[in-house]
Every structure is written in structure tokens, then in C-alpha cells.
Amino acid sequence: MAHGDNKREIGVLFQFSTYALTVGTVFLPVFAFFACVALSIIYDFEESTKTHCRVRNYLPSISSAIGGFTPQRYIWRICIALHSWPRYFVAFVYRNYYLSYQVHEWRPVYSLLANFACLLNITELSALVVLTFISSSENYSIHEASFVVFMVTSEVYMLCSCILYKWSHMNRLFSPLERKSFRLKLSLMVFNVTCFLLAIYFFFRHNSYCESGVYTVFAFLEYMVVLSNMAFHSTIMYDSPLGAMQFNHMAAIDALKVA
């Protein structure tokens, strides 16, 4: 390490590749999601698809699949707990990634947006953890409030992330990987919002008219919302400046100051 009047020694705590991080953090919730839905359909079909309308449905809602039965609730909780802690680091890595770009016009607004996106990312993840460990059958009001917070922060974060990604590259061209990342982010955001709005429509339609199969459509759209959210966060593998992430003691101190 070099030393000087204006330099300080930085000790690396650990280093890992974005690809390894993405595989770990995306595989766990994806595996848990499909495992919980499959087990609910195979072993708890009648109970998991039952609603107050008592009409025929063919898919369980996510809340029912991940929190209503065992071993589904334990599979989901373990996988979400394991995948969560690296994502808190990723939130700060993305913040520093955006702030590393030289944006001269409206720099204070750009910096504020980068910090706001980081806060949204952390809030989204925290809400996911809460709704995971407090199921709707255990405490419906807390589970519902956590789900609302998760969805709102998720949608707004995706929008802010797309804006920041485009804004940060205003003075330079996208690399092929960065162009792919931006297009995926934008497409997944539009798809996610569309599915979410349609899911709301079919949810209220089911509650109002109790039509057979409508809740199944809602459940499927809910699956698409969750899976597209996971896919959006997995685009980190295309953000080349994040390809090899290091966390040193000064970066950790800076992150704690921001938090």
C-alpha cells in the first residue's frame, strides 16, 4: 500500500464477483418461490386456493403459498434470510456506483436521487423480511402493511434506478453490457408495473363478483410481479463497474454514516 500526506491505507475486508453474488441472491428466492408454490399445489391445493367466495380457483396466492403451510413457510423464511444480508451491501454499492459518475448539471438533485434510491432499496428489502417472518395468518395488519410498503418502494425504486442509470451516462456512451442492463431494467419495470396494476384489478374483481378462476388470474399476475422484481435486481450482473466488489473498512464506515 502506498502512503502519503493525502493517502490513507485501506484494508480490504472481503471481495467477491457480481456473478457469484447474483447467483446466490437470486437463486435462493427463486428456488423458494417455486418450491412453495409447487408444494402448496401438490399437498395443500384445496386450502391454499380457497377464498371467502368459495369458487373454484387453480393457483394459490403468494401469501398463502409462503406463509400458510409447512414446510413452505420455513423454506421461504430460510431462503429470504440467507439472501437478504448481501442485498443491503448492494444497495450502498449501487449508491456509490451512481455517485461516482461526473454529472455536472443538476448535480445536487442527482445526488439526492441516488441517496433516495438507496433508501428505497433498503426499505423494500426490510419490508420483504417483515412480511416473510410475519405471515397473514399470524398478524394480517402487519403483513398487509409490509406488503404495501414493499410494493410501493419496489415500484418507485425501479423507476429511480432507470432514471439514474440513464442520467449517469448522459456524458458517455453505454457499453454493450450497460446498454443491455438498461434495456432489461426498463422492460422489467414496465412489465412489473403492468402486472401489478392488472393484479389489483383482478383482486378487486374477485372480491366484488366472486367469479370462478378470477383469483387464479390474480395469483398468476402476482407471480409475474415477484419474478420480474427478482429479475430486475439480477441485472446487477450486467453492470460492469460492479463486476468485482470490494468492501473495505473506510467504505463500511461511510455506509454507516449514510445509514
# chains A, B, ... in the order shown; residues from 1 in each chain; ligands from 1
>>> residues_around(residues="Ser126 (chain A)", least_positions_apart="6", cutoff="12 Å", atoms="only C-alpha atoms", output="PyMOL selection string")
chain A and resi 80-81+84-85+87-88+91+119-120+132-133+146-147+149-151+153-154
>>> residues_around(residues="Ser100 (chain A)", least_positions_apart="5", cutoff="10 Å", atoms="only C-alpha atoms", output="JSON, numbers by chain")
{"A": [94, 95, 168]}
>>> write_last_selection(atoms="C-alpha atoms", output="compact mmCIF listing (two decimals), in the first residue's frame")
# COMPACT_ATOMS: atom_id res chain seq x y z
CA TYR A 94 -25.20 0.97 -6.26
CA ARG A 95 -25.38 4.33 -4.47
CA SER A 168 -25.35 8.80 -15.12
>>> atom_distance(atom1="CA of Asn229 (chain A)", atom2="CA of Thr70 (chain A)")
25.0 Å
>>> closest_atom_pairs(of="region 139-197 of chain A", to="region 212-219 of chain A", cutoff="12 Å", atoms="only C-alpha atoms", output="CSV")
residue,atom,partner,partner_atom,distance
A:Cys195,CA,A:Phe218,CA,9.2
A:Phe196,CA,A:Phe218,CA,9.3
A:Leu197,CA,A:Phe218,CA,10.3
>>> residues_around(residues="Leu82 (chain A)", least_positions_apart="2", cutoff="12 Å", atoms="only C-alpha atoms", output="PyMOL selection string")
chain A and resi 21+24-29+32+75-80+84-88+129
>>> residues_around(residues="Met189 (chain A)", least_positions_apart="5", cutoff="8 Å", atoms="only C-alpha atoms", output="ChimeraX atom specification")
/A:155,158-159,228,232
>>> atom_distance(atom1="CA of Arg56 (chain A)", atom2="CA of Arg73 (chain A)")
24.1 Å
>>> select_by_dssp(residues="region 7-243 of chain A", states="strand (DSSP E)", output="list in words")
Val12, Leu13, Phe14, Gln15, Phe16 and Ser17 of chain A
>>> atom_distance(atom1="CA of Phe45 (chain A)", atom2="CA of Ser63 (chain A)")
13.9 Å
>>> select_by_dssp(residues="region 41-79 of chain A", states="alpha helix (DSSP H)", output="NGL selection string")
:A and (41-43 or 45-48 or 62-67 or 72-79)
>>> residues_around(residues="Ala65 (chain A)", least_positions_apart="6", cutoff="10 Å", atoms="only C-alpha atoms", output="short mmCIF file (atom, residue, chain, number, x, y, z; two decimals) with C-alpha atoms, in the first residue's frame")
data_model
loop_
_atom_site.label_atom_id
_atom_site.label_comp_id
_atom_site.auth_asym_id
_atom_site.auth_seq_id
_atom_site.Cartn_x
_atom_site.Cartn_y
_atom_site.Cartn_z
CA PHE A 33 -40.83 -19.34 -4.65
CA PHE A 34 -41.24 -22.33 -6.98
CA ALA A 35 -40.82 -24.83 -4.12
CA CYS A 36 -43.52 -23.15 -2.03
CA VAL A 37 -45.99 -22.85 -4.92
CA ALA A 38 -45.39 -26.44 -6.06
CA LEU A 39 -45.73 -27.90 -2.56
CA SER A 40 -48.89 -25.90 -1.94
CA ILE A 41 -50.47 -27.16 -5.17
CA ASP A 44 -52.43 -28.26 0.14
CA PHE A 45 -54.35 -27.46 -3.03
CA SER A 48 -54.25 -22.84 -0.44
CA THR A 49 -56.65 -21.89 -3.25
CA LEU A 59 -53.41 -21.32 -8.11
CA GLN A 72 -43.35 -23.95 2.80
CA ARG A 73 -43.13 -21.18 5.36
CA TRP A 76 -39.30 -19.29 2.29
#
>>> closest_residue(among="A:Ser175, A:Thr51, A:Thr123, A:Ser181", to="Ser161 (chain A)", atoms="only C-alpha atoms")
A:Ser181
>>> closest_residue(among="A:Cys162, A:Val226, A:Ala114, A:Leu128", to="Glu144 (chain A)", atoms="only C-alpha atoms")
A:Leu128
>>> closest_residue(among="A:Ile122, A:Gly68, A:Glu211, A:Arg107", to="Val93 (chain A)", atoms="only C-alpha atoms")
A:Ile122
